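Just input_0.tsv here, TSV, C-alpha atoms:
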chain	number	residue	atom	x	y	z
K	708	MET	CA	15.07	-5.83	0.84
K	709	LYS	CA	12.14	-4.12	-0.86
K	710	ARG	CA	12.24	-0.36	-1.33
K	711	ILE	CA	8.78	1.17	-1.39
K	712	ILE	CA	7.44	4.68	-1.94
K	713	ILE	CA	4.00	5.51	-0.57
K	714	SER	CA	2.20	8.75	-1.40
K	715	GLY	CA	-1.13	10.18	-0.32
K	716	GLY	CA	-2.07	13.56	1.04
K	717	GLY	CA	-4.35	16.44	1.77
K	718	THR	CA	-7.00	14.82	3.95
K	719	GLY	CA	-7.14	12.02	6.47
K	720	GLY	CA	-9.15	10.00	3.97
K	721	HIS	CA	-6.00	9.63	1.86
K	722	ILE	CA	-3.39	9.60	4.63
K	723	TYR	CA	-4.80	7.08	7.11
K	724	PRO	CA	-5.16	4.36	4.45
K	725	ALA	CA	-1.55	4.99	3.41
K	726	ILE	CA	-0.33	4.62	7.00
K	727	THR	CA	-2.42	1.48	7.50
K	728	ILE	CA	-0.99	-0.05	4.31
K	729	TYR	CA	2.52	0.89	5.44
K	730	LYS	CA	2.05	-0.93	8.75
K	731	GLU	CA	0.79	-4.03	6.98
K	732	ILE	CA	3.73	-3.96	4.55
K	733	MET	CA	6.11	-3.89	7.51
K	734	LYS	CA	4.34	-6.93	8.97
K	735	GLN	CA	4.71	-8.86	5.74
K	736	ASN	CA	8.18	-7.59	4.90
K	737	PRO	CA	9.92	-6.31	8.06
K	738	ASP	CA	13.11	-5.46	6.15
K	739	ALA	CA	11.33	-3.14	3.72
K	740	GLN	CA	12.56	0.44	3.44
K	741	VAL	CA	9.70	2.89	2.98
K	742	LEU	CA	9.71	6.54	1.89
K	743	TYR	CA	6.53	8.60	2.17
K	744	VAL	CA	6.06	11.42	-0.34
K	745	GLY	CA	3.63	14.16	0.70
K	746	THR	CA	3.31	17.94	0.84
K	747	GLU	CA	4.61	20.40	3.41
K	748	ARG	CA	1.20	21.88	4.19
K	749	GLY	CA	-0.98	18.77	4.16
K	750	LEU	CA	-2.03	16.83	7.24
K	751	GLU	CA	0.48	14.17	6.25
K	752	ALA	CA	3.37	16.47	7.23
K	753	THR	CA	2.24	16.06	10.85
K	754	LEU	CA	0.85	12.52	10.89
K	755	VAL	CA	3.47	10.60	8.91
K	756	PRO	CA	6.65	11.58	10.82
K	757	LYS	CA	4.85	10.67	14.07
K	758	GLU	CA	4.71	7.10	12.77
K	759	GLY	CA	8.48	7.06	12.32
K	760	ILE	CA	8.22	6.88	8.52
K	761	GLU	CA	10.88	8.60	6.40
K	762	PHE	CA	9.15	11.61	4.85
K	763	THR	CA	9.88	13.95	1.95
K	764	THR	CA	7.78	16.50	0.10
K	765	LEU	CA	6.77	17.79	-3.31
K	766	PRO	CA	5.65	21.43	-3.83
K	767	VAL	CA	2.59	20.39	-5.87
K	768	GLN	CA	-0.81	21.91	-5.13
K	769	GLY	CA	-4.37	21.35	-6.35
K	770	LEU	CA	-5.36	22.71	-9.75
K	771	GLN	CA	-7.92	25.51	-9.68
K	772	ARG	CA	-10.94	25.08	-11.96
K	773	LYS	CA	-10.90	28.69	-13.22
K	774	LEU	CA	-8.02	30.12	-15.22
K	775	SER	CA	-6.14	32.66	-13.12
K	776	PHE	CA	-2.65	33.64	-12.02
K	777	GLY	CA	-3.00	30.95	-9.35
K	778	THR	CA	-3.52	28.38	-12.10
K	779	LEU	CA	-0.20	29.37	-13.68
K	780	VAL	CA	1.53	29.09	-10.30
K	781	THR	CA	0.03	25.64	-9.82
K	782	LEU	CA	1.17	24.50	-13.26
K	783	GLY	CA	4.66	25.73	-12.49
K	784	LYS	CA	4.72	23.85	-9.20
K	785	THR	CA	3.42	20.73	-10.91
K	786	ALA	CA	6.20	20.88	-13.51
K	787	PHE	CA	8.81	21.36	-10.79
K	788	SER	CA	7.24	18.50	-8.80
K	789	LEU	CA	7.63	16.16	-11.77
K	790	VAL	CA	11.32	17.02	-11.93
K	791	LYS	CA	11.72	16.53	-8.18
K	792	ALA	CA	9.72	13.28	-8.30
K	793	ASN	CA	12.16	11.92	-10.88
K	794	THR	CA	15.06	12.91	-8.64
K	795	ILE	CA	13.44	11.16	-5.65
K	796	ILE	CA	12.97	8.00	-7.70
K	797	SER	CA	16.54	8.11	-9.04
K	798	ASN	CA	17.94	8.46	-5.53
K	799	PHE	CA	15.63	6.06	-3.68
K	800	LYS	CA	15.31	3.43	-6.45
K	801	PRO	CA	11.92	2.02	-5.40
K	802	ASP	CA	10.76	-1.48	-6.28
K	803	VAL	CA	7.12	-0.35	-6.19
K	804	VAL	CA	5.25	2.95	-5.74
K	805	ILE	CA	1.85	3.10	-4.01
K	806	GLY	CA	-0.60	6.02	-4.14
K	807	THR	CA	-3.70	6.48	-1.99
K	808	GLY	CA	-5.06	9.67	-3.54
K	809	GLY	CA	-4.65	13.41	-3.38
K	810	TYR	CA	-2.87	15.59	-5.91
K	811	VAL	CA	0.57	14.85	-4.44
K	812	CYS	CA	0.29	11.33	-5.89
K	813	GLY	CA	0.22	12.61	-9.45
K	814	PRO	CA	3.89	13.49	-10.05
K	815	ILE	CA	5.45	10.60	-8.12
K	816	LEU	CA	3.17	7.89	-9.58
K	817	MET	CA	3.45	9.31	-13.09
K	818	ALA	CA	7.23	9.52	-12.88
K	819	ALA	CA	7.41	5.92	-11.66
K	820	ALA	CA	5.02	4.61	-14.32
K	821	LEU	CA	6.94	6.33	-17.13
K	822	ARG	CA	10.10	4.59	-15.89
K	823	ASN	CA	8.39	1.18	-15.80
K	824	ILE	CA	8.56	0.93	-12.03
K	825	PRO	CA	5.60	-1.12	-10.71
K	826	THR	CA	2.78	1.10	-9.47
K	827	LEU	CA	-0.46	0.67	-7.53
K	828	ILE	CA	-3.16	3.15	-6.57
K	829	GLN	CA	-5.80	2.60	-3.90
K	830	GLU	CA	-9.14	4.32	-4.49
K	831	GLN	CA	-11.33	4.66	-1.41
K	832	ASN	CA	-14.55	6.02	-2.93
K	833	VAL	CA	-17.28	4.81	-5.29
K	834	ILE	CA	-16.56	7.82	-7.52
K	835	ALA	CA	-12.82	8.12	-8.06
K	836	GLY	CA	-10.93	11.37	-7.52
K	837	ILE	CA	-9.54	13.12	-10.59
K	838	THR	CA	-5.91	12.29	-9.73
K	839	ASN	CA	-6.63	8.56	-9.51
K	840	LYS	CA	-8.79	8.64	-12.65
K	841	ILE	CA	-5.87	10.06	-14.63
K	842	LEU	CA	-3.27	7.81	-13.01
K	843	SER	CA	-5.35	4.67	-13.59
K	844	ARG	CA	-4.43	4.80	-17.29
K	845	PHE	CA	-0.73	4.48	-16.48
K	846	VAL	CA	-0.35	2.42	-13.29
K	847	ASP	CA	-0.14	-1.37	-13.13
K	848	VAL	CA	-3.04	-2.02	-10.78
K	849	VAL	CA	-5.94	-0.21	-9.09
K	850	ALA	CA	-7.11	-1.51	-5.70
K	851	MET	CA	-10.75	-0.50	-5.26
K	852	GLY	CA	-12.57	0.17	-2.00
K	853	TYR	CA	-15.93	-0.50	-3.68
K	854	LYS	CA	-16.85	-2.80	-6.57
K	855	ASP	CA	-18.92	0.01	-8.07
K	856	ALA	CA	-15.77	2.12	-8.51
K	857	GLU	CA	-14.82	0.01	-11.53
K	858	SER	CA	-16.78	2.32	-13.83
K	859	SER	CA	-14.23	5.06	-13.05
K	860	PHE	CA	-11.39	2.86	-14.30
K	861	SER	CA	-12.51	1.66	-17.72
K	862	LYS	CA	-9.03	2.24	-19.18
K	863	ALA	CA	-7.03	0.74	-16.33
K	864	LYS	CA	-4.73	-2.21	-17.01
K	865	ARG	CA	-5.96	-4.12	-13.98
K	866	VAL	CA	-8.48	-3.50	-11.21
K	867	VAL	CA	-8.86	-5.52	-8.00
K	868	TYR	CA	-11.63	-5.19	-5.43
K	869	THR	CA	-9.92	-5.22	-2.04
K	870	GLY	CA	-12.14	-3.03	0.13
K	871	ASN	CA	-10.77	-0.13	2.16
K	872	PRO	CA	-8.02	-0.57	4.75
K	873	VAL	CA	-8.98	0.02	8.37
K	874	ARG	CA	-6.68	0.63	11.30
K	875	PRO	CA	-5.90	-2.64	13.13
K	876	ASP	CA	-6.92	-1.14	16.49
K	877	VAL	CA	-10.51	-0.70	15.23
K	878	LEU	CA	-10.94	-4.46	15.53
K	879	VAL	CA	-9.17	-5.01	18.86
K	880	ASP	CA	-11.73	-3.87	21.45
K	881	THR	CA	-14.76	-5.93	22.42
K	882	ARG	CA	-18.16	-4.39	23.10
K	883	GLU	CA	-17.44	-4.90	26.79
K	884	ASP	CA	-14.14	-2.99	26.47
K	885	GLY	CA	-15.95	-0.07	24.84
K	886	ARG	CA	-18.73	-0.07	27.41
K	887	ASN	CA	-16.29	-0.14	30.32
K	888	TYR	CA	-14.26	2.71	28.82
K	889	PHE	CA	-17.33	4.98	28.77
K	890	ASN	CA	-18.80	3.53	31.98
K	891	LEU	CA	-21.92	2.28	30.20
K	892	SER	CA	-24.18	-0.59	31.16
K	893	ASP	CA	-24.80	-3.23	28.51
K	894	ASP	CA	-28.40	-2.14	27.98
K	895	THR	CA	-27.67	1.58	27.48
K	896	PHE	CA	-28.55	2.47	23.88
K	897	THR	CA	-25.41	4.20	22.66
K	898	VAL	CA	-25.30	6.51	19.66
K	899	LEU	CA	-21.96	7.72	18.26
K	900	ILE	CA	-22.22	11.02	16.39
K	901	ALA	CA	-19.21	12.27	14.42
K	902	GLY	CA	-18.70	14.43	11.36
K	903	GLY	CA	-15.11	13.60	10.48
K	904	SER	CA	-11.88	15.05	11.86
K	905	ARG	CA	-13.01	18.64	11.30
K	906	GLY	CA	-16.56	18.12	12.48
K	907	ALA	CA	-19.77	18.77	10.56
K	908	ARG	CA	-21.64	21.98	11.30
K	909	THR	CA	-24.94	20.73	9.91
K	910	ILE	CA	-24.89	17.66	12.15
K	911	ASN	CA	-23.67	19.67	15.14
K	912	ASN	CA	-26.45	22.24	14.76
K	913	ALA	CA	-29.11	19.54	14.45
K	914	MET	CA	-27.74	17.80	17.53
K	915	ILE	CA	-28.46	20.79	19.81
K	916	ASP	CA	-32.16	19.97	20.08
K	917	VAL	CA	-31.42	16.23	20.04
K	918	HIS	CA	-29.36	16.60	23.21
K	919	LYS	CA	-32.10	18.69	24.80
K	920	HIS	CA	-34.77	16.16	23.81
K	921	PHE	CA	-32.98	13.23	25.44
K	922	GLN	CA	-31.65	15.12	28.47
K	923	GLY	CA	-32.57	13.17	31.59
K	924	THR	CA	-33.77	10.14	29.60
K	925	GLU	CA	-32.69	6.85	31.12
K	926	GLY	CA	-31.13	4.12	28.99
K	927	ILE	CA	-29.50	6.27	26.28
K	928	LYS	CA	-26.06	7.77	25.74
K	929	LEU	CA	-25.20	10.22	22.97
K	930	ILE	CA	-21.44	10.34	22.38
K	931	HIS	CA	-21.04	13.41	20.18
K	932	ILE	CA	-17.65	14.26	18.63
K	933	THR	CA	-17.99	17.85	17.41
K	934	GLY	CA	-14.57	18.51	15.89
K	935	ASP	CA	-12.15	20.96	17.54
K	936	GLY	CA	-13.42	24.02	15.69
K	937	GLU	CA	-17.08	23.43	16.56
K	938	TYR	CA	-16.83	22.37	20.20
K	939	GLN	CA	-17.20	25.72	21.94
K	940	SER	CA	-20.07	26.72	19.65
K	941	VAL	CA	-21.99	23.55	20.54
K	942	LEU	CA	-21.41	24.05	24.26
K	943	SER	CA	-22.48	27.69	24.00
K	944	GLN	CA	-25.71	26.81	22.19
K	945	LEU	CA	-26.48	24.26	24.90
K	946	GLY	CA	-25.65	26.70	27.69
K	947	ILE	CA	-23.03	24.45	29.27
K	948	THR	CA	-19.32	24.81	29.92
K	949	ASP	CA	-18.12	21.21	29.63
K	950	GLY	CA	-19.03	18.16	27.61
K	951	ASP	CA	-20.87	16.26	30.31
K	952	GLY	CA	-22.86	19.27	31.49
K	953	LEU	CA	-26.18	17.78	30.33
K	954	GLY	CA	-25.98	14.79	32.65
K	955	ASN	CA	-25.77	11.08	31.90
K	956	SER	CA	-27.58	11.15	28.56
K	957	SER	CA	-24.89	13.07	26.63
K	958	LEU	CA	-21.12	13.19	26.35
K	959	ILE	CA	-19.83	15.94	24.06
K	960	LEU	CA	-16.17	15.94	23.03
K	961	PRO	CA	-14.11	18.04	20.60
K	962	TYR	CA	-12.03	15.05	19.51
K	963	LEU	CA	-11.59	11.44	20.58
K	964	HIS	CA	-8.20	9.76	20.32
K	965	ASP	CA	-9.73	6.45	21.38
K	966	MET	CA	-12.27	6.28	18.57
K	967	PRO	CA	-11.96	2.47	18.39
K	968	LYS	CA	-13.38	2.33	21.93
K	969	ALA	CA	-16.38	4.42	20.86
K	970	LEU	CA	-16.94	2.20	17.83
K	971	ALA	CA	-16.81	-0.87	20.06
K	972	ALA	CA	-19.43	0.64	22.39
K	973	ALA	CA	-21.84	1.99	19.75
K	974	ASP	CA	-25.24	0.56	18.85
K	975	LEU	CA	-25.87	3.18	16.16
K	976	ALA	CA	-23.79	5.83	14.39
K	977	VAL	CA	-24.66	9.21	12.89
K	978	PHE	CA	-21.82	9.88	10.45
K	979	ARG	CA	-20.72	11.62	7.30
K	980	SER	CA	-20.00	9.09	4.57
K	981	GLY	CA	-16.29	9.35	3.98
K	982	ALA	CA	-14.95	6.03	2.76
K	983	ILE	CA	-12.72	5.20	5.72
K	984	GLY	CA	-15.35	6.06	8.34
K	985	LEU	CA	-17.78	3.78	6.50
K	986	ALA	CA	-15.19	1.01	6.32
K	987	GLU	CA	-14.75	1.20	10.09
K	988	LEU	CA	-18.51	1.07	10.68
K	989	ALA	CA	-18.73	-1.95	8.38
K	990	VAL	CA	-16.03	-4.06	10.01
K	991	ARG	CA	-17.65	-3.38	13.40
K	992	GLY	CA	-21.15	-4.13	12.06
K	993	ILE	CA	-22.61	-0.79	13.18
K	994	PRO	CA	-25.85	0.38	11.52
K	995	SER	CA	-25.86	4.06	10.69
K	996	VAL	CA	-27.71	7.21	9.76
K	997	LEU	CA	-25.55	8.86	7.10
K	998	VAL	CA	-25.47	12.56	6.23
K	999	PRO	CA	-23.15	12.90	3.20
K	1000	TYR	CA	-21.01	16.02	2.97
K	1001	PRO	CA	-22.61	17.80	-0.01
K	1002	TYR	CA	-19.47	19.59	-1.23
K	1003	ALA	CA	-17.20	16.56	-1.55
K	1004	ALA	CA	-15.54	16.24	-4.96
K	1005	GLU	CA	-17.88	14.63	-7.50
K	1006	ASP	CA	-20.39	14.29	-4.62
K	1007	HIS	CA	-18.60	11.04	-3.80
K	1008	GLN	CA	-19.93	10.86	-0.24
K	1009	THR	CA	-23.50	10.54	-1.51
K	1010	TYR	CA	-22.47	7.67	-3.79
K	1011	ASN	CA	-20.63	6.00	-0.90
K	1012	ALA	CA	-23.72	6.30	1.31
K	1013	ARG	CA	-26.00	4.89	-1.37
K	1014	ILE	CA	-24.08	1.61	-1.35
K	1015	PHE	CA	-24.79	1.20	2.38
K	1016	VAL	CA	-28.43	2.20	1.94
K	1017	GLN	CA	-28.91	-0.20	-0.99
K	1018	GLU	CA	-27.41	-3.04	1.04
K	1019	GLY	CA	-29.69	-2.33	4.00
K	1020	ALA	CA	-26.86	-1.20	6.30
K	1021	ALA	CA	-27.80	2.48	6.67
K	1022	HIS	CA	-30.40	5.20	6.32
K	1023	MET	CA	-29.44	8.45	4.58
K	1024	ILE	CA	-30.55	12.04	5.18
K	1025	VAL	CA	-29.61	14.78	2.71
K	1026	ASP	CA	-27.48	17.44	4.41
K	1027	GLN	CA	-29.69	20.37	3.38
K	1028	MET	CA	-32.77	18.57	4.74
K	1029	LEU	CA	-31.31	17.48	8.08
K	1030	SER	CA	-33.15	18.54	11.23
K	1031	ALA	CA	-33.21	17.62	14.90
K	1032	HIS	CA	-36.66	16.14	14.28
K	1033	ASP	CA	-35.16	13.72	11.74
K	1034	LEU	CA	-32.42	12.55	14.08
K	1035	ILE	CA	-34.74	12.18	17.06
K	1036	GLY	CA	-37.09	10.12	14.89
K	1037	GLU	CA	-34.29	7.84	13.67
K	1038	ILE	CA	-32.85	7.31	17.15
K	1039	GLU	CA	-36.22	6.58	18.75
K	1040	MET	CA	-37.17	4.24	15.90
K	1041	PHE	CA	-34.00	2.19	16.33
K	1042	MET	CA	-34.38	2.15	20.12
K	1043	ALA	CA	-37.86	0.69	19.70
K	1044	ASN	CA	-36.95	-1.75	16.91
K	1045	ARG	CA	-33.92	-3.74	18.01
K	1046	ASP	CA	-34.60	-6.45	15.41
K	1047	LEU	CA	-34.13	-3.92	12.60
K	1048	LEU	CA	-31.04	-2.57	14.34
K	1049	SER	CA	-29.58	-6.07	14.46
K	1050	GLN	CA	-30.48	-6.82	10.83
K	1051	MET	CA	-28.84	-3.61	9.62
K	1052	GLY	CA	-25.77	-4.36	11.72
K	1053	GLU	CA	-25.46	-7.74	9.99
K	1054	ARG	CA	-25.78	-6.08	6.59
K	1055	ALA	CA	-23.05	-3.59	7.54
K	1056	LEU	CA	-20.80	-6.43	8.64
K	1057	GLN	CA	-21.24	-8.11	5.26
K	1058	LEU	CA	-19.87	-4.94	3.62
K	1059	GLY	CA	-16.77	-4.98	5.82
K	1060	LYS	CA	-13.36	-6.00	4.53
K	1061	PRO	CA	-11.23	-6.51	7.65
K	1062	ASN	CA	-8.37	-7.99	5.60
K	1063	ALA	CA	-8.21	-5.15	3.07
K	1064	ALA	CA	-4.90	-3.73	4.29
K	1065	HIS	CA	-3.32	-7.19	4.23
K	1066	ASP	CA	-4.59	-7.83	0.71
K	1067	ILE	CA	-3.42	-4.44	-0.61
K	1068	ALA	CA	0.05	-4.84	0.92
K	1069	LYS	CA	0.32	-8.37	-0.49
K	1070	LEU	CA	-0.77	-7.11	-3.91
K	1071	ALA	CA	1.80	-4.29	-3.86
K	1072	LEU	CA	4.61	-6.62	-2.81
K	1073	SER	CA	3.61	-9.13	-5.49
K	1074	ILE	CA	4.11	-6.61	-8.31
K	1075	ALA	CA	7.34	-5.16	-6.88
K	1076	LYS	CA	10.49	-5.73	-8.92
Target format C-alpha cells, applied to this file:
Amino acid sequence: MKRIIISGGGTGGHIYPAITIYKEIMKQNPDAQVLYVGTERGLEATLVPKEGIEFTTLPVQGLQRKLSFGTLVTLGKTAFSLVKANTIISNFKPDVVIGTGGYVCGPILMAAALRNIPTLIQEQNVIAGITNKILSRFVDVVAMGYKDAESSFSKAKRVVYTGNPVRPDVLVDTREDGRNYFNLSDDTFTVLIAGGSRGARTINNAMIDVHKHFQGTEGIKLIHITGDGEYQSVLSQLGITDGDGLGNSSLILPYLHDMPKALAAADLAVFRSGAIGLAELAVRGIPSVLVPYPYAAEDHQTYNARIFVQEGAAHMIVDQMLSAHDLIGEIEMFMANRDLLSQMGERALQLGKPNAAHDIAKLALSIAK
C-alpha cells in the first residue's frame, strides 16, 4: 500500500489540480493512503475535506516583499512549519510527496527532499511560482503544464512535460448535453464569460454594455459568470433583479456548479488566463478571447495567454485596454466567421492534454519508494 502526501494551497489554481491528481492516483492505486497538507485559512481547508481526503495543516504564510514585523512573524511560522512538516513525515511515513504550488508546499516538500523521500512538483504556469522555483532544485521531478516552463527549472534534476490536469467531468458532457442543460438550440451562438472563481471586475464592467448591445438579438446566448462578490453590482448596473432579466440573449449567474455543462455548450469563451481554465478550454477545443489578470505573480497569466495566441487558439486583450467595444467586435467577428472559429477550436484542441492527470499520477507512483 502506497502512502502519499499531497500539498497545494491558497487558490483554486493550486488546489483543483491536487484534487484531480488525487482522484487519478486512487484509480491507479485504490489501496493508497493519502494525506493532504494545506493551511487553515486557504480554500483547501474547505474543498479538500469535502472530497473525503484526510487533511492536516501547517501554519505557514506567504512571505511579504518588504521587511516589517509581519516578515518576522512569517519567518517564525515558516520555521515552525518546517518542524511540524518533519513531524508529519515521521508519523505518516510517505512513499512519495507531491506538491502543486502555493507557499504551503515549501516546508513539506523540503522536509521530504532532505530525508530522501521521493518528491514531485506540478507547475501549472509558463512562469513558475517562487515556491516551485526554489523547490525544483531539491525535488526528484518537475511535471510541467507548459513546455515553455522549462526555462524556470534550469537547475532541476528532471523535468517532464505532462500538461495540466483537468477534472474528469469536463470531458463527460457532449455538446448536445450542454445545449439541453441551458435549453439552447444547436445554432444559437453561445459565449461563456467567466473571470475565475472570484470574478473579474474589468470583464464584468465591460460586459454591461455588451449585454445591452445584444439584448433582443436572436441566435446568441451570453452565459456570464460574474463571481459571487460581483453579481449584485452587475445586476444593479443593468437595472435588473435576476440573471435572466434581459431576456433570451443573456444569462447572468454569480457562480455555476455545473461549469462542465457550460463548457460543453460554448462556441466561444471570454476568460482570464489561469492555467487550469485554459487547460479546460483546450481539452474541449473552445476558442477564446483572453484577458489576463494583470496582477498575477510574475505576470504569469499574460505568458499563459501568449502560448494560446501564438498557437492560433485565442485572441488576447490587455486588461487595462478592455472595453465593451472590444468584446462586441470580437463576438460579432466570430459569429460572422465560423471557419475561423472552427480553426481556432482545432488549434485549442491540439494544446489540450486530456491524459495529464493520469500521466502525473503514474509518474508520482513510479518514483515512490
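When only C-alpha atoms are used to compute distances to Ala969 (chain K), the closest of the residues K:Glu761, K:Glu857, K:Asp894, K:Glu883 turns out to be K:Glu883.
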### Non-local contacts of Ala1071 (chain K) (8 Å; only C-alpha atoms; under 3 positions in same chain excluded) as a list in words
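Near neighbours after the sequence-gap exclusion: Val803, Ile805, Thr826, Leu827, Ile1067, Ala1068, Ile1074 and Ala1075 of chain K.
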### Query
Which residue gives the smallest distance to Ile983 (chain K) among K:Ala1064, K:Ile910, K:Leu821, K:Ile930, with all atoms listed in the file counted?
K:Ala1064
### Task
Take CA of Pro724 (chain K) and CA of Gln831 (chain K) and report the distance between them in Å, one decimal.
8.5 Å
Mind dumping a table of every region 870-987 of chain K residue within 7 Å of region 1017-1036 of chain K, with the nearest atom pair and its distance in Å to one decimal, using all atoms listed in the file, sorted by chain and rising number, as JSON lines?
{"residue": "K:Thr909", "atom": "CA", "partner": "K:Asp1026", "partner_atom": "CA", "distance": 6.9}
{"residue": "K:Ala913", "atom": "CA", "partner": "K:Ala1031", "partner_atom": "CA", "distance": 4.5}
{"residue": "K:Met914", "atom": "CA", "partner": "K:Ala1031", "partner_atom": "CA", "distance": 6.1}
{"residue": "K:Asp916", "atom": "CA", "partner": "K:Ala1031", "partner_atom": "CA", "distance": 5.8}
{"residue": "K:Val917", "atom": "CA", "partner": "K:Ala1031", "partner_atom": "CA", "distance": 5.6}
### Message
Just to confirm, what's the straight-line distance from CA of Gly715 (chain K) to CA of Asp855 (chain K) in Å (one decimal)?
### Response
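Spanning CA of Gly715 (chain K) to CA of Asp855 (chain K) is a straight-line distance of 21.9 Å.
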### Query
CA of Val1016 (chain K) and CA of Leu975 (chain K), how far apart in Å?
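These two atoms are separated by 14.5 Å.
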### Message
Counting all atoms listed in the file, which residue out of K:Gly1059, K:Thr764, K:Glu1037, K:Gly946 sits closest to Gly992 (chain K)?
### Response
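Ranked by minimum distance to Gly992 (chain K), first place goes to K:Gly1059.
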